[in-house]
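Reproduced below: target-v1.pdb, with PDB, C-alpha atoms, pLDDT in the B column.
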```pdb
ATOM      1  CA  MET A   6     276.852 238.258  60.555  1.00 61.00           C
ATOM      2  CA  SER A   7     273.451 236.968  59.546  1.00 58.00           C
ATOM      3  CA  ILE A   8     271.106 239.549  58.069  1.00 63.00           C
ATOM      4  CA  ALA A   9     267.837 238.014  56.997  1.00 62.00           C
ATOM      5  CA  ASN A  10     265.902 234.902  56.136  1.00 66.00           C
ATOM      6  CA  ALA A  11     265.088 235.705  52.523  1.00 69.00           C
ATOM      7  CA  THR A  12     263.081 232.635  51.505  1.00 66.00           C
ATOM      8  CA  GLY A  13     260.281 233.682  49.166  1.00 64.00           C
ATOM      9  CA  LEU A  14     261.629 237.212  48.803  1.00 71.00           C
ATOM     10  CA  THR A  15     259.360 239.042  46.369  1.00 78.00           C
ATOM     11  CA  PHE A  16     261.833 241.586  45.010  1.00 85.00           C
ATOM     12  CA  ASP A  17     265.129 240.880  43.279  1.00 87.00           C
ATOM     13  CA  ARG A  18     267.019 243.574  45.180  1.00 90.00           C
ATOM     14  CA  VAL A  19     267.603 244.503  48.800  1.00 91.00           C
ATOM     15  CA  GLU A  20     268.687 247.501  50.832  1.00 92.00           C
ATOM     16  CA  CYS A  21     270.524 247.067  54.106  1.00 91.00           C
ATOM     17  CA  LYS A  22     272.067 249.454  56.589  1.00 93.00           C
ATOM     18  CA  PHE A  23     274.600 249.051  59.388  1.00 93.00           C
ATOM     19  CA  ILE A  24     276.741 251.175  61.695  1.00 94.00           C
ATOM     20  CA  THR A  25     280.535 251.166  62.027  1.00 94.00           C
ATOM     21  CA  ASP A  26     282.813 252.235  64.872  1.00 95.00           C
ATOM     22  CA  PHE A  27     286.574 252.357  65.534  1.00 95.00           C
ATOM     23  CA  LEU A  28     287.541 252.261  61.851  1.00 96.00           C
ATOM     24  CA  TYR A  29     290.858 254.132  61.609  1.00 95.00           C
ATOM     25  CA  THR A  30     292.522 254.942  58.306  1.00 96.00           C
ATOM     26  CA  GLY A  31     295.671 252.894  57.815  1.00 95.00           C
ATOM     27  CA  LYS A  32     295.224 251.067  61.125  1.00 94.00           C
ATOM     28  CA  ARG A  33     291.827 249.345  61.304  1.00 95.00           C
ATOM     29  CA  GLU A  34     290.114 248.956  57.966  1.00 96.00           C
ATOM     30  CA  ALA A  35     287.464 246.481  56.878  1.00 95.00           C
ATOM     31  CA  GLU A  36     286.224 244.887  53.698  1.00 94.00           C
ATOM     32  CA  VAL A  37     282.575 243.893  53.562  1.00 94.00           C
ATOM     33  CA  ARG A  38     280.177 242.265  51.139  1.00 94.00           C
ATOM     34  CA  LEU A  39     276.673 240.811  50.961  1.00 93.00           C
ATOM     35  CA  ALA A  40     276.234 237.139  50.109  1.00 92.00           C
ATOM     36  CA  ALA A  41     273.189 234.938  49.510  1.00 90.00           C
ATOM     37  CA  PHE A  42     273.076 231.295  50.570  1.00 88.00           C
ATOM     38  CA  ARG A  43     270.761 228.325  50.056  1.00 85.00           C
ATOM     39  CA  HIS A  44     270.467 226.114  53.137  1.00 83.00           C
ATOM     40  CA  ASP A  45     269.123 222.571  52.843  1.00 78.00           C
ATOM     41  CA  GLY A  46     267.728 220.367  55.589  1.00 72.00           C
ATOM     42  CA  ASN A  47     271.089 218.696  56.258  1.00 76.00           C
ATOM     43  CA  ALA A  48     272.788 221.751  57.774  1.00 77.00           C
ATOM     44  CA  ASN A  49     274.621 222.447  54.500  1.00 82.00           C
ATOM     45  CA  ARG A  50     274.734 225.781  52.743  1.00 83.00           C
ATOM     46  CA  THR A  51     275.651 226.731  49.193  1.00 87.00           C
ATOM     47  CA  ILE A  52     276.541 230.240  48.096  1.00 90.00           C
ATOM     48  CA  VAL A  53     274.172 231.550  45.416  1.00 89.00           C
ATOM     49  CA  SER A  54     275.576 235.017  44.787  1.00 92.00           C
ATOM     50  CA  ALA A  55     277.708 237.761  46.288  1.00 94.00           C
ATOM     51  CA  SER A  56     278.151 241.486  45.914  1.00 95.00           C
ATOM     52  CA  GLY A  57     281.454 243.142  45.188  1.00 95.00           C
ATOM     53  CA  VAL A  58     283.789 243.859  48.090  1.00 95.00           C
ATOM     54  CA  LEU A  59     283.453 247.312  49.645  1.00 96.00           C
ATOM     55  CA  ASN A  60     286.549 248.622  51.417  1.00 96.00           C
ATOM     56  CA  LEU A  61     285.805 250.709  54.525  1.00 97.00           C
ATOM     57  CA  THR A  62     288.842 252.856  55.239  1.00 96.00           C
ATOM     58  CA  GLY A  63     287.596 254.745  58.292  1.00 95.00           C
ATOM     59  CA  THR A  64     288.758 258.171  59.413  1.00 96.00           C
ATOM     60  CA  THR A  65     291.747 259.548  61.338  1.00 95.00           C
ATOM     61  CA  ALA A  66     289.659 260.068  64.491  1.00 94.00           C
ATOM     62  CA  ARG A  67     286.955 257.940  66.051  1.00 92.00           C
ATOM     63  CA  THR A  68     283.702 258.424  64.155  1.00 93.00           C
ATOM     64  CA  ILE A  69     280.418 256.516  64.180  1.00 94.00           C
ATOM     65  CA  GLY A  70     279.821 255.652  60.540  1.00 95.00           C
ATOM     66  CA  VAL A  71     276.755 254.571  58.583  1.00 95.00           C
ATOM     67  CA  VAL A  72     276.798 252.311  55.531  1.00 95.00           C
ATOM     68  CA  VAL A  73     273.859 251.652  53.177  1.00 95.00           C
ATOM     69  CA  MET A  74     274.200 248.916  50.551  1.00 95.00           C
ATOM     70  CA  ARG A  75     271.795 248.187  47.682  1.00 96.00           C
ATOM     71  CA  TRP A  76     272.200 244.933  45.810  1.00 95.00           C
ATOM     72  CA  VAL A  77     270.567 242.653  43.236  1.00 94.00           C
ATOM     73  CA  HIS A  78     270.790 239.482  45.269  1.00 90.00           C
ATOM     74  CA  GLY A  79     270.355 236.773  42.642  1.00 84.00           C
ATOM     75  CA  ILE A  80     268.203 234.528  44.833  1.00 84.00           C
ATOM     76  CA  PRO A  81     265.986 232.688  42.338  1.00 72.00           C
ATOM     77  CA  PHE A  82     262.511 233.613  43.570  1.00 64.00           C
ATOM     78  CA  GLY A  83     260.233 230.591  43.492  1.00 53.00           C
ATOM     79  CA  TRP A  84     262.984 228.035  43.982  1.00 57.00           C
ATOM     80  CA  ASP A  85     261.949 225.613  46.715  1.00 55.00           C
ATOM     81  CA  TYR A  86     259.470 228.102  48.080  1.00 58.00           C
ATOM     82  CA  GLN A  87     257.118 225.248  48.927  1.00 61.00           C
ATOM     83  CA  ASP A  88     259.980 223.129  50.246  1.00 65.00           C
ATOM     84  CA  ASP A  89     259.857 222.826  54.030  1.00 66.00           C
ATOM     85  CA  THR A  90     263.593 222.252  54.396  1.00 68.00           C
ATOM     86  CA  THR A  91     265.270 224.786  52.093  1.00 75.00           C
ATOM     87  CA  VAL A  92     265.870 228.325  53.314  1.00 81.00           C
ATOM     88  CA  TYR A  93     267.624 231.274  51.682  1.00 84.00           C
ATOM     89  CA  THR A  94     269.565 233.814  53.713  1.00 85.00           C
ATOM     90  CA  ILE A  95     271.437 237.017  52.979  1.00 88.00           C
ATOM     91  CA  GLU A  96     274.486 237.679  55.099  1.00 89.00           C
ATOM     92  CA  LEU A  97     276.750 240.630  55.740  1.00 91.00           C
ATOM     93  CA  GLN A  98     280.295 239.290  55.679  1.00 91.00           C
ATOM     94  CA  HIS A  99     283.285 241.273  56.855  1.00 92.00           C
ATOM     95  CA  ARG A 100     286.939 240.887  57.741  1.00 91.00           C
ATOM     96  CA  TYR A 101     289.997 243.010  58.400  1.00 93.00           C
ATOM     97  CA  LYS A 102     291.747 244.592  55.478  1.00 93.00           C
ATOM     98  CA  LYS A 103     294.173 246.224  57.909  1.00 94.00           C
ATOM     99  CA  GLY A 104     294.464 245.425  61.606  1.00 91.00           C
ATOM    100  CA  PRO A 105     293.510 244.712  64.286  1.00 93.00           C
ATOM    101  CA  GLU A 106     295.799 246.952  66.302  1.00 91.00           C
ATOM    102  CA  THR A 107     297.773 245.968  69.373  1.00 91.00           C
ATOM    103  CA  VAL A 108     296.873 248.724  71.807  1.00 90.00           C
ATOM    104  CA  LYS A 109     299.221 249.110  74.797  1.00 92.00           C
ATOM    105  CA  GLY A 110     298.060 249.813  78.331  1.00 93.00           C
ATOM    106  CA  GLN A 111     299.682 251.967  81.010  1.00 94.00           C
ATOM    107  CA  THR A 112     302.297 250.678  83.474  1.00 95.00           C
ATOM    108  CA  PHE A 113     302.557 252.087  87.022  1.00 91.00           C
ATOM    109  CA  TYR A 114     304.955 251.471  89.892  1.00 87.00           C
ATOM    110  CA  ALA A 115     302.970 251.154  93.087  1.00 82.00           C
ATOM    111  CA  ILE A 116     302.475 249.266  96.302  1.00 80.00           C
ATOM    112  CA  ALA A 117     300.248 246.371  95.380  1.00 80.00           C
ATOM    113  CA  ALA A 118     298.627 243.293  96.902  1.00 81.00           C
ATOM    114  CA  PRO A 119     296.266 240.534  95.761  1.00 83.00           C
ATOM    115  CA  GLU A 120     292.762 241.763  95.089  1.00 86.00           C
ATOM    116  CA  GLY A 121     290.647 241.835  98.232  1.00 85.00           C
ATOM    117  CA  THR A 122     293.552 242.465 100.611  1.00 81.00           C
ATOM    118  CA  ALA A 123     292.547 244.910 103.329  1.00 78.00           C
ATOM    119  CA  VAL A 124     294.140 248.318 102.989  1.00 73.00           C
ATOM    120  CA  SER A 125     295.075 248.186 106.688  1.00 69.00           C
ATOM    121  CA  ASP A 126     296.796 244.810 106.307  1.00 63.00           C
ATOM    122  CA  GLY A 127     300.441 245.561 107.084  1.00 61.00           C
ATOM    123  CA  ILE A 128     300.305 249.141 105.926  1.00 65.00           C
ATOM    124  CA  LEU A 129     302.257 251.552 108.094  1.00 56.00           C
ATOM    125  CA  ASN A 130     300.452 254.566 106.664  1.00 59.00           C
ATOM    126  CA  TRP A 131     303.273 256.922 105.760  1.00 63.00           C
ATOM    127  CA  GLY A 132     306.955 256.868 106.624  1.00 71.00           C
ATOM    128  CA  TYR A 133     309.965 259.141 106.204  1.00 74.00           C
ATOM    129  CA  LYS A 134     312.512 258.803 103.422  1.00 78.00           C
ATOM    130  CA  GLN A 135     315.488 261.086 102.899  1.00 83.00           C
ATOM    131  CA  GLY A 136     316.272 262.116  99.352  1.00 83.00           C
ATOM    132  CA  ASP A 137     319.687 262.642  97.784  1.00 87.00           C
ATOM    133  CA  ASP A 138     319.329 266.348  98.438  1.00 90.00           C
ATOM    134  CA  GLY A 139     318.977 265.714 102.167  1.00 88.00           C
ATOM    135  CA  LYS A 140     315.307 266.553 102.271  1.00 89.00           C
ATOM    136  CA  TRP A 141     312.862 264.224 104.006  1.00 84.00           C
ATOM    137  CA  TRP A 142     309.769 262.978 102.212  1.00 81.00           C
ATOM    138  CA  TRP A 143     306.589 261.229 103.236  1.00 77.00           C
ATOM    139  CA  VAL A 144     306.318 257.901 101.394  1.00 75.00           C
ATOM    140  CA  PRO A 145     303.865 254.973 101.589  1.00 72.00           C
ATOM    141  CA  THR A 146     305.389 252.044 103.473  1.00 73.00           C
ATOM    142  CA  TYR A 147     304.537 248.420 104.286  1.00 72.00           C
ATOM    143  CA  ARG A 148     305.567 245.876 106.930  1.00 70.00           C
ATOM    144  CA  GLU A 149     307.908 242.995 106.326  1.00 72.00           C
ATOM    145  CA  ASN A 150     305.988 239.819 105.343  1.00 73.00           C
ATOM    146  CA  SER A 151     302.956 241.910 104.508  1.00 75.00           C
ATOM    147  CA  LYS A 152     300.825 241.021 101.484  1.00 79.00           C
ATOM    148  CA  TRP A 153     301.676 244.469 100.208  1.00 79.00           C
ATOM    149  CA  SER A 154     304.861 245.125  98.271  1.00 78.00           C
ATOM    150  CA  PRO A 155     306.050 247.477  95.519  1.00 78.00           C
ATOM    151  CA  ASP A 156     305.469 246.216  92.003  1.00 81.00           C
ATOM    152  CA  PHE A 157     304.963 247.282  88.410  1.00 88.00           C
ATOM    153  CA  LEU A 158     301.284 247.156  87.463  1.00 86.00           C
ATOM    154  CA  THR A 159     299.947 247.318  83.903  1.00 90.00           C
ATOM    155  CA  VAL A 160     296.404 248.517  83.330  1.00 90.00           C
ATOM    156  CA  PRO A 161     295.093 247.295  79.954  1.00 91.00           C
ATOM    157  CA  ASP A 162     293.809 249.903  77.535  1.00 91.00           C
ATOM    158  CA  TRP A 163     290.022 249.944  77.376  1.00 90.00           C
ATOM    159  CA  ASP A 164     290.294 249.956  73.588  1.00 89.00           C
ATOM    160  CA  GLU A 165     290.709 246.379  72.366  1.00 90.00           C
ATOM    161  CA  GLY A 166     292.164 247.481  69.036  1.00 92.00           C
ATOM    162  CA  SER A 167     289.307 246.155  66.899  1.00 94.00           C
ATOM    163  CA  TYR A 168     286.678 247.773  64.702  1.00 93.00           C
ATOM    164  CA  SER A 169     282.962 247.222  65.263  1.00 92.00           C
ATOM    165  CA  LEU A 170     280.012 246.661  62.956  1.00 90.00           C
ATOM    166  CA  SER A 171     276.511 246.851  64.359  1.00 87.00           C
ATOM    167  CA  ALA A 172     273.942 244.134  64.188  1.00 74.00           C
ATOM    168  CA  MET A 173     271.862 244.842  61.107  1.00 66.00           C
ATOM    169  CA  GLN A 174     269.494 247.761  61.476  1.00 73.00           C
ATOM    170  CA  TYR A 175     267.448 246.453  58.594  1.00 81.00           C
ATOM    171  CA  CYS A 176     267.570 244.415  55.409  1.00 84.00           C
ATOM    172  CA  VAL A 177     264.499 244.851  53.243  1.00 85.00           C
ATOM    173  CA  GLY A 178     263.511 243.741  49.772  1.00 86.00           C
ATOM    174  CA  LEU A 179     262.504 246.649  47.536  1.00 89.00           C
ATOM    175  CA  PRO A 180     261.375 247.081  43.904  1.00 90.00           C
ATOM    176  CA  GLN A 181     263.518 248.661  41.209  1.00 92.00           C
ATOM    177  CA  SER A 182     261.475 251.844  41.365  1.00 94.00           C
ATOM    178  CA  ARG A 183     262.611 252.380  44.956  1.00 94.00           C
ATOM    179  CA  ILE A 184     266.292 251.496  44.572  1.00 94.00           C
ATOM    180  CA  PRO A 185     267.222 251.754  40.891  1.00 95.00           C
ATOM    181  CA  GLU A 186     270.919 252.008  41.874  1.00 96.00           C
ATOM    182  CA  ALA A 187     271.024 248.374  43.010  1.00 95.00           C
ATOM    183  CA  SER A 188     273.179 246.169  40.804  1.00 95.00           C
ATOM    184  CA  VAL A 189     274.762 242.726  40.766  1.00 95.00           C
ATOM    185  CA  LYS A 190     278.024 244.272  41.985  1.00 95.00           C
ATOM    186  CA  GLY A 191     276.248 246.484  44.475  1.00 95.00           C
ATOM    187  CA  TRP A 192     275.843 250.159  45.279  1.00 97.00           C
ATOM    188  CA  ALA A 193     276.857 251.790  48.533  1.00 97.00           C
ATOM    189  CA  TRP A 194     276.555 255.078  50.386  1.00 97.00           C
ATOM    190  CA  THR A 195     278.687 255.834  53.427  1.00 96.00           C
ATOM    191  CA  ARG A 196     278.940 258.548  56.053  1.00 96.00           C
ATOM    192  CA  GLY A 197     281.572 258.725  58.767  1.00 94.00           C
ATOM    193  CA  THR A 198     284.004 256.432  56.960  1.00 95.00           C
ATOM    194  CA  GLY A 199     285.994 256.508  53.776  1.00 95.00           C
ATOM    195  CA  SER A 200     285.064 253.803  51.282  1.00 96.00           C
ATOM    196  CA  ALA A 201     285.911 252.423  47.852  1.00 95.00           C
ATOM    197  CA  TRP A 202     284.900 249.375  45.844  1.00 96.00           C
ATOM    198  CA  GLY A 203     287.561 246.695  45.738  1.00 93.00           C
ATOM    199  CA  ARG A 204     287.286 243.193  44.322  1.00 90.00           C
ATOM    200  CA  ASP A 205     284.461 242.026  42.070  1.00 92.00           C
ATOM    201  CA  PRO A 206     281.872 239.436  43.184  1.00 92.00           C
ATOM    202  CA  ASP A 207     283.372 235.985  43.747  1.00 90.00           C
ATOM    203  CA  ILE A 208     281.167 233.042  44.738  1.00 90.00           C
ATOM    204  CA  THR A 209     284.175 230.716  44.858  1.00 89.00           C
ATOM    205  CA  GLU A 210     284.885 232.344  48.231  1.00 85.00           C
ATOM    206  CA  PRO A 211     281.839 231.312  50.286  1.00 76.00           C
ATOM    207  CA  TYR A 212     283.448 231.871  53.677  1.00 75.00           C
ATOM    208  CA  PHE A 213     284.546 235.456  53.900  1.00 70.00           C
ATOM    209  CA  GLY A 214     286.841 235.202  56.859  1.00 60.00           C
ATOM    210  CA  VAL A 215     290.474 235.074  57.896  1.00 44.00           C
TER     211      VAL A 215
END
```
Output the file's structure as structure tokens, nothing else.
Amino acid sequence: MSIANATGLTFDRVECKFITDFLYTGKREAEVRLAAFRHDGNANRTIVSASGVLNLTGTTARTIGVVVMRWVHGIPFGWDYQDDTTVYTIELQHRYKKGPETVKGQTFYAIAAPEGTAVSDGILNWGYKQGDDGKWWWVPTYRENSKWSPDFLTVPDWDEGSYSLSAMQYCVGLPQSRIPEASVKGWAWTRGTGSAWGRDPDITEPYFGV
């Protein structure tokens, strides 16, 4: 998830903020970090630095969470600033620590037909059926050779089983006087999700994916 074009960034530290959703403790958890890259004019990128890995452990019920990260980014200010082809970016990288979930839908037994079939096509409205107890019941019926027939239908769950991170609300360079907590490893504040620092910064892992 790209955050910002940081070429010529004046300050050596940044603050960024994003929103989380559908993080569930023990089911859908994420690990996130910030990483800085140098891009040359040949569509190549080289990792310059990375924050530590922040584990987002969610909550037991659905909660919209907010995460603020403050980081000393390590982009060498002045490098290639006058170069027309080199660009520096800061990215928010994330991946599953646990999950995603496989969420099951609901299965129904019903009279069904291909989508668009007229309701009146072959339907006999209601008919009689006698139960084992001798009582008669009204039941939906259909004609022989009709497009309608009884079948099991599964309706997928609206929840896809994945967590969500928002597009970046902001990523801004700030001086030490504004965010003294920023460090090479990183500092974070969270609300609406459990969190804990995990692995230390590792620039040998430029692609933070599965």
Report task. Using the chain letters and numbers from the file, give me the residues hit by the PyMOL selection byres ((chain A and resi 198-210) around 10), as a ChimeraX atom specification. Result -> /A:25-30,34-41,51-65,67-72,189-197,211-214
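Taking CA of Gly110 in chain A and CA of Trp153 in chain A as endpoints, the distance between them is 22.8 Å.
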Enumerate, as a PDB file with C-alpha atoms, in the coordinates of the input, the residues matched when the PyMOL selection byres ((chain A and resi 177) around 8) is run on the file above.
```
ATOM      1  CA  VAL A  19     267.603 244.503  48.800  1.00 91.00           C
ATOM      2  CA  GLU A  20     268.687 247.501  50.832  1.00 92.00           C
ATOM      3  CA  CYS A  21     270.524 247.067  54.106  1.00 91.00           C
ATOM      4  CA  TYR A 175     267.448 246.453  58.594  1.00 81.00           C
ATOM      5  CA  CYS A 176     267.570 244.415  55.409  1.00 84.00           C
ATOM      6  CA  GLY A 178     263.511 243.741  49.772  1.00 86.00           C
ATOM      7  CA  LEU A 179     262.504 246.649  47.536  1.00 89.00           C
TER       8      LEU A 179
END
```
Calculate how many Å separate CA of Thr15 in chain A from CA of His99 in chain A, rounding to one decimal.
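That distance, rounded to one decimal, is 26.2 Å.
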So how many Å separate CA of Val92 in chain A and CA of Arg183 in chain A, to one decimal?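 The value is 25.7 Å.
Distance check against Thr107 in chain A using all atoms listed in the file: of A:Asp162, A:Gly31, A:Phe42, A:Thr146, the minimum falls on A:Asp162.
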From A:Glu186, A:Pro145, A:Asp17, A:Thr112, residue lying nearest Pro81 in chain A [all atoms listed in the file]: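 Nearest to Pro81 in chain A: A:Asp17.
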Original post:
If you count all atoms listed in the file, which residues fall within 8 Å of Phe157 in chain A, apart from same-chain ones fewer than 5 positions away, as a ChimeraX atom specification?
Top reply: /A:112-115
Nearest to Ser182 in chain A: which of A:Ala66, A:Asp138, A:Arg50, A:Phe16 is it, counting only C-alpha atoms?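 Closest candidate: A:Phe16.
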(message) I need the residue nearest Glu96 in chain A from this list: A:Ile184, A:Ala172, A:Ile24, A:Val108. Use only C-alpha atoms for the distance.
(response)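 Of all the options, A:Ala172 lies closest to Glu96 in chain A.
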For the point (301.9, 246.1, 97.8) in file coordinates, what residues are within 6 Å, counting all atoms listed in the file? Give the answer as a PDB file with C-alpha atoms, in the frame of the given file?
```
ATOM      1  CA  ILE A 116     302.475 249.266  96.302  1.00 80.00           C
ATOM      2  CA  ALA A 117     300.248 246.371  95.380  1.00 80.00           C
ATOM      3  CA  ALA A 118     298.627 243.293  96.902  1.00 81.00           C
ATOM      4  CA  TRP A 153     301.676 244.469 100.208  1.00 79.00           C
ATOM      5  CA  SER A 154     304.861 245.125  98.271  1.00 78.00           C
ATOM      6  CA  PRO A 155     306.050 247.477  95.519  1.00 78.00           C
TER       7      PRO A 155
END
```
Please write the residues picked by the PyMOL selection byres ((chain A and resi 46) around 7) on this file as a PyMOL selection string.
chain A and resi 44-45+47-48+90-91
Next, the residues of the selection above should be written as a PDB file, in the coordinates of the input with C-alpha atoms.
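Result written to out-v9.pdb:
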```
ATOM      1  CA  HIS A  44     270.467 226.114  53.137  1.00 83.00           C
ATOM      2  CA  ASP A  45     269.123 222.571  52.843  1.00 78.00           C
ATOM      3  CA  ASN A  47     271.089 218.696  56.258  1.00 76.00           C
ATOM      4  CA  ALA A  48     272.788 221.751  57.774  1.00 77.00           C
ATOM      5  CA  THR A  90     263.593 222.252  54.396  1.00 68.00           C
ATOM      6  CA  THR A  91     265.270 224.786  52.093  1.00 75.00           C
TER       7      THR A  91
END
```
